[in-house]
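coords_6.txt, holding compact mmCIF, C-alpha atoms and all ligand atoms:
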# COMPACT_ATOMS: atom_id res chain seq x y z
CA MET A 237 94.16 149.08 78.02
CA ALA A 238 94.52 147.53 81.47
CA GLY A 239 92.34 144.50 82.13
CA ASN A 240 89.76 144.31 84.88
CA LYS A 241 90.39 140.94 86.47
CA THR A 242 93.05 139.08 88.41
CA LEU A 243 93.37 135.65 90.00
CA THR A 244 94.24 135.39 93.65
CA ILE A 245 95.09 132.43 95.87
CA LEU A 246 94.90 132.80 99.64
CA LYS A 247 97.70 130.36 100.36
CA PRO A 248 97.92 127.63 103.03
CA ASP A 249 99.67 130.01 105.48
CA VAL A 250 96.68 132.38 105.41
CA VAL A 251 94.26 129.50 106.02
CA GLU A 252 96.51 128.17 108.81
CA GLN A 253 96.41 131.59 110.50
CA ASN A 254 92.58 131.49 110.31
CA ALA A 255 92.83 134.73 108.35
CA ILE A 256 90.59 134.07 105.32
CA GLY A 257 88.00 136.51 106.70
CA PRO A 258 90.29 139.49 107.37
CA VAL A 259 92.14 139.04 104.06
CA LEU A 260 88.89 138.95 102.06
CA THR A 261 87.65 141.97 104.02
CA GLN A 262 90.79 143.89 103.10
CA ILE A 263 90.42 142.88 99.44
CA THR A 264 86.76 143.90 99.18
CA ALA A 265 87.42 147.12 101.13
CA HIS A 266 89.74 148.06 98.26
CA ASP A 267 86.84 147.75 95.82
CA PHE A 268 87.66 144.36 94.31
CA ARG A 269 84.51 142.38 93.54
CA ILE A 270 84.61 138.60 93.90
CA ARG A 271 83.41 137.04 90.63
CA ALA A 272 84.27 133.41 91.46
CA MET A 273 85.57 131.70 94.59
CA ARG A 274 86.46 128.18 95.79
CA TYR A 275 87.86 126.69 99.02
CA THR A 276 89.92 123.67 98.04
CA LYS A 277 93.18 121.77 98.44
CA LEU A 278 95.35 121.83 95.32
CA SER A 279 96.49 118.48 93.97
CA ASP A 280 100.12 118.02 93.07
CA GLU A 281 99.10 118.04 89.40
CA GLN A 282 97.12 121.29 89.72
CA ALA A 283 99.95 123.07 91.54
CA ARG A 284 102.52 121.93 88.96
CA GLY A 285 100.26 123.00 86.11
CA PHE A 286 99.44 126.37 87.62
CA TYR A 287 103.10 127.21 88.32
CA GLU A 288 104.43 125.61 85.14
CA ILE A 289 106.29 128.79 84.13
CA HIS A 290 108.50 128.29 87.21
CA LYS A 291 109.21 124.59 86.61
CA ASP A 292 112.92 125.08 85.95
CA LYS A 293 113.50 127.38 88.92
CA SER A 294 115.40 126.24 91.97
CA PHE A 295 112.46 127.02 94.27
CA PHE A 296 109.88 125.04 92.25
CA GLU A 297 109.73 121.88 94.40
CA ASN A 298 109.45 123.90 97.62
CA LEU A 299 106.72 126.00 96.04
CA ILE A 300 104.71 122.89 95.08
CA LYS A 301 105.19 121.38 98.54
CA PHE A 302 103.95 124.55 100.23
CA MET A 303 101.00 125.11 97.87
CA THR A 304 99.76 121.54 98.40
CA SER A 305 100.39 121.51 102.17
CA GLY A 306 96.87 122.62 103.11
CA PRO A 307 93.68 124.18 101.80
CA VAL A 308 93.63 127.44 99.84
CA VAL A 309 91.03 129.92 98.61
CA LEU A 310 90.95 130.60 94.87
CA ALA A 311 89.16 133.70 93.60
CA ILE A 312 88.68 135.82 90.51
CA LEU A 313 88.70 139.50 91.50
CA GLU A 314 87.31 142.27 89.34
CA LYS A 315 88.23 145.95 89.40
CA ASP A 316 89.56 148.50 86.90
CA ASN A 317 93.32 148.04 86.58
CA ALA A 318 92.97 144.84 88.64
CA VAL A 319 96.45 143.31 88.19
CA GLU A 320 98.42 146.39 89.15
CA ASP A 321 96.09 147.54 91.94
CA PHE A 322 96.04 144.07 93.49
CA ARG A 323 99.82 143.80 93.39
CA LYS A 324 100.02 147.12 95.24
CA LEU A 325 97.61 145.84 97.87
CA ILE A 326 99.55 142.60 98.47
CA GLY A 327 103.10 143.98 98.33
CA PRO A 328 106.24 142.44 96.77
CA THR A 329 106.83 138.68 96.43
CA ASP A 330 109.26 138.72 99.35
CA SER A 331 107.09 139.33 102.41
CA THR A 332 110.08 140.64 104.38
CA LYS A 333 110.20 143.58 101.95
CA ALA A 334 106.47 144.33 102.07
CA GLU A 335 105.35 147.67 103.44
CA GLN A 336 103.09 148.00 106.43
CA GLY A 337 99.45 147.87 105.37
CA THR A 338 100.03 145.31 102.63
CA ILE A 339 98.60 141.80 102.92
CA ARG A 340 102.01 140.16 102.68
CA HIS A 341 103.35 142.39 105.45
CA SER A 342 100.48 141.34 107.70
CA TYR A 343 100.29 137.63 106.86
CA GLY A 344 103.41 136.57 104.94
CA THR A 345 106.69 135.30 106.39
CA ASP A 346 109.24 135.35 103.57
CA ILE A 347 109.55 134.86 99.80
CA GLU A 348 108.20 131.29 99.95
CA ARG A 349 105.41 131.69 102.50
CA ASN A 350 104.00 134.88 101.10
CA ALA A 351 100.30 134.60 102.00
CA VAL A 352 98.70 135.41 98.65
CA HIS A 353 99.17 135.02 94.93
CA GLY A 354 98.23 137.74 92.46
CA SER A 355 98.51 137.52 88.66
CA ASP A 356 101.49 139.48 87.31
CA SER A 357 100.04 140.52 83.92
CA ASP A 358 96.70 140.68 82.15
CA GLU A 359 97.77 137.76 79.93
CA ASN A 360 98.60 135.61 82.93
CA ALA A 361 95.40 136.71 84.70
CA GLU A 362 93.42 135.38 81.74
CA ARG A 363 95.31 132.08 81.76
CA GLU A 364 95.11 131.69 85.54
CA CYS A 365 91.38 132.48 85.76
CA ASN A 366 90.72 129.94 83.00
CA PHE A 367 92.98 127.41 84.70
CA PHE A 368 90.75 127.22 87.78
CA PHE A 369 87.30 128.46 86.76
CA SER A 370 84.91 127.68 83.95
CA TYR A 371 82.63 130.48 82.71
CA SER A 372 79.61 128.86 84.37
CA GLU A 373 81.28 129.35 87.78
CA ARG A 374 81.66 133.13 87.32
CA TYR A 375 78.96 135.54 88.48
P1 LIG A 401 103.42 133.75 93.67
O1 LIG A 401 102.93 135.15 93.51
O2 LIG A 401 102.42 132.73 94.06
O3 LIG A 401 104.10 133.29 92.29
C1 LIG A 401 105.19 132.42 92.22
C2 LIG A 401 105.68 132.01 93.57
O4 LIG A 401 106.95 131.42 93.60
C3 LIG A 401 105.81 133.25 94.43
O5 LIG A 401 104.56 133.76 94.75
C4 LIG A 401 106.65 132.73 95.58
O6 LIG A 401 105.86 132.04 96.50
C5 LIG A 401 107.56 131.75 94.85
N1 LIG A 401 108.84 132.37 94.56
C6 LIG A 401 109.12 133.30 93.64
N2 LIG A 401 110.44 133.61 93.65
C7 LIG A 401 110.99 132.86 94.61
C8 LIG A 401 112.31 132.71 95.10
N3 LIG A 401 113.33 133.42 94.60
N4 LIG A 401 112.53 131.84 96.09
C9 LIG A 401 111.50 131.11 96.59
N5 LIG A 401 110.22 131.20 96.16
C10 LIG A 401 109.97 132.07 95.19

Would you write the structure of this file as structure tokens?
Ligand code: CMP
Amino acid sequence: MAGNKTLTILKPDVVEQNAIGPVLTQITAHDFRIRAMRYTKLSDEQARGFYEIHKDKSFFENLIKFMTSGPVVLAILEKDNAVEDFRKLIGPTDSTKAEQGTIRHSYGTDIERNAVHGSDSDENAERECNFFFSYSERY
């Protein structure tokens, strides 16, 4: 059965564009409920830990540099079928391939500066939500 939560990060490019408000509006308009949220700047250690599965990829160092370049918004989103529905709303990893109406089409630039993160499976959603939020921070 599909899980009901996903972890999102509004990345430094969204914050730089002063677009936290419109992106959250779009997310909540699609019936996602915010169960936890934090405005923060990721440390190098946090970014490396969060993206550990990509540590051997060629793009890893650029990814860490970008994700620690400015503040981000972390949030746990809840909805039936959360992972899949959120990935539809944000569009594909490469922003240049994202369809009009998706968040990455509106706010992303390319495959590296792609505006938002969304968990890619229920298992990873669980890990990612636990990575950033304790249970006492969820409402
Ligand atoms: P995200 O959804 O945050 O998860 C992993 C990130 O790695 C992804 O978004 C992109 O920002 C980045 N990424 C994935 N694939 C590539 C790639 N081929 N080249 C550069 N960056 C990538």

CA of Ala283 (chain A) and CA of Met303 (chain A) are how many Å apart?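 Separating CA of Ala283 (chain A) from CA of Met303 (chain A) is a distance of 6.7 Å.
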
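Between CA of Phe268 (chain A) and CA of Asp358 (chain A) lies a distance of 15.6 Å.
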
Got a sec to check which residues lie within 12 Å of ligand LIG 401 (chain A), using only C-alpha atoms and all ligand atoms, and send them as a PyMOL selection string? chain A and resi 242-249+283-284+286-303+308+310+319+322-323+326-331+340+344-357+360-361+364

Please write the residues from the selection above to a file, keeping C-alpha atoms, as a short mmCIF file (atom, residue, chain, number, x, y, z; two decimals), in the coordinates of the input.
data_model
loop_
_atom_site.label_atom_id
_atom_site.label_comp_id
_atom_site.auth_asym_id
_atom_site.auth_seq_id
_atom_site.Cartn_x
_atom_site.Cartn_y
_atom_site.Cartn_z
CA THR A 242 93.05 139.08 88.41
CA LEU A 243 93.37 135.65 90.00
CA THR A 244 94.24 135.39 93.65
CA ILE A 245 95.09 132.43 95.87
CA LEU A 246 94.90 132.80 99.64
CA LYS A 247 97.70 130.36 100.36
CA PRO A 248 97.92 127.63 103.03
CA ASP A 249 99.67 130.01 105.48
CA ALA A 283 99.95 123.07 91.54
CA ARG A 284 102.52 121.93 88.96
CA PHE A 286 99.44 126.37 87.62
CA TYR A 287 103.10 127.21 88.32
CA GLU A 288 104.43 125.61 85.14
CA ILE A 289 106.29 128.79 84.13
CA HIS A 290 108.50 128.29 87.21
CA LYS A 291 109.21 124.59 86.61
CA ASP A 292 112.92 125.08 85.95
CA LYS A 293 113.50 127.38 88.92
CA SER A 294 115.40 126.24 91.97
CA PHE A 295 112.46 127.02 94.27
CA PHE A 296 109.88 125.04 92.25
CA GLU A 297 109.73 121.88 94.40
CA ASN A 298 109.45 123.90 97.62
CA LEU A 299 106.72 126.00 96.04
CA ILE A 300 104.71 122.89 95.08
CA LYS A 301 105.19 121.38 98.54
CA PHE A 302 103.95 124.55 100.23
CA MET A 303 101.00 125.11 97.87
CA VAL A 308 93.63 127.44 99.84
CA LEU A 310 90.95 130.60 94.87
CA VAL A 319 96.45 143.31 88.19
CA PHE A 322 96.04 144.07 93.49
CA ARG A 323 99.82 143.80 93.39
CA ILE A 326 99.55 142.60 98.47
CA GLY A 327 103.10 143.98 98.33
CA PRO A 328 106.24 142.44 96.77
CA THR A 329 106.83 138.68 96.43
CA ASP A 330 109.26 138.72 99.35
CA SER A 331 107.09 139.33 102.41
CA ARG A 340 102.01 140.16 102.68
CA GLY A 344 103.41 136.57 104.94
CA THR A 345 106.69 135.30 106.39
CA ASP A 346 109.24 135.35 103.57
CA ILE A 347 109.55 134.86 99.80
CA GLU A 348 108.20 131.29 99.95
CA ARG A 349 105.41 131.69 102.50
CA ASN A 350 104.00 134.88 101.10
CA ALA A 351 100.30 134.60 102.00
CA VAL A 352 98.70 135.41 98.65
CA HIS A 353 99.17 135.02 94.93
CA GLY A 354 98.23 137.74 92.46
CA SER A 355 98.51 137.52 88.66
CA ASP A 356 101.49 139.48 87.31
CA SER A 357 100.04 140.52 83.92
CA ASN A 360 98.60 135.61 82.93
CA ALA A 361 95.40 136.71 84.70
CA GLU A 364 95.11 131.69 85.54
#

With 4 Å of padding per side, what axis-aligned box (centre and edge lengths, Å, one decimal) covers all the listed atoms of region 270-276 of chain A? Give it as AutoDock Vina command-line options.
--center_x 86.7 --center_y 131.1 --center_z 94.8 --size_x 14.5 --size_y 22.9 --size_z 16.4

Option closest in space to Leu278 (chain A), from A:Val309, A:Asn366, A:Thr338, A:Tyr371 [counting all atoms listed in the file]: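 Using all atoms listed in the file, Leu278 (chain A) sits closest to A:Val309.
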
Which neighbours of Asn317 (chain A) fall inside 9 Å, counting all atoms listed in the file, when residues of the same chain fewer than 2 positions from it are skipped, and could you give them as a PyMOL selection string? chain A and resi 237-241+314-315+319-322

So that I can check the surroundings of Pro307 (chain A), please list as a PyMOL selection string every protein, DNA and RNA residue that reaches within 7 Å of it, counting only C-alpha atoms and ignoring chain neighbours fewer than 3 positions away. chain A and resi 248+251+275-277

Would you mind exporting C-alpha atoms of the selected residues as a CSV table (one decimal), in the frame of the given file?
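The result, written out as result.csv:
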chain,number,residue,atom,x,y,z
A,248,PRO,CA,97.9,127.6,103.0
A,251,VAL,CA,94.3,129.5,106.0
A,275,TYR,CA,87.9,126.7,99.0
A,276,THR,CA,89.9,123.7,98.0
A,277,LYS,CA,93.2,121.8,98.4
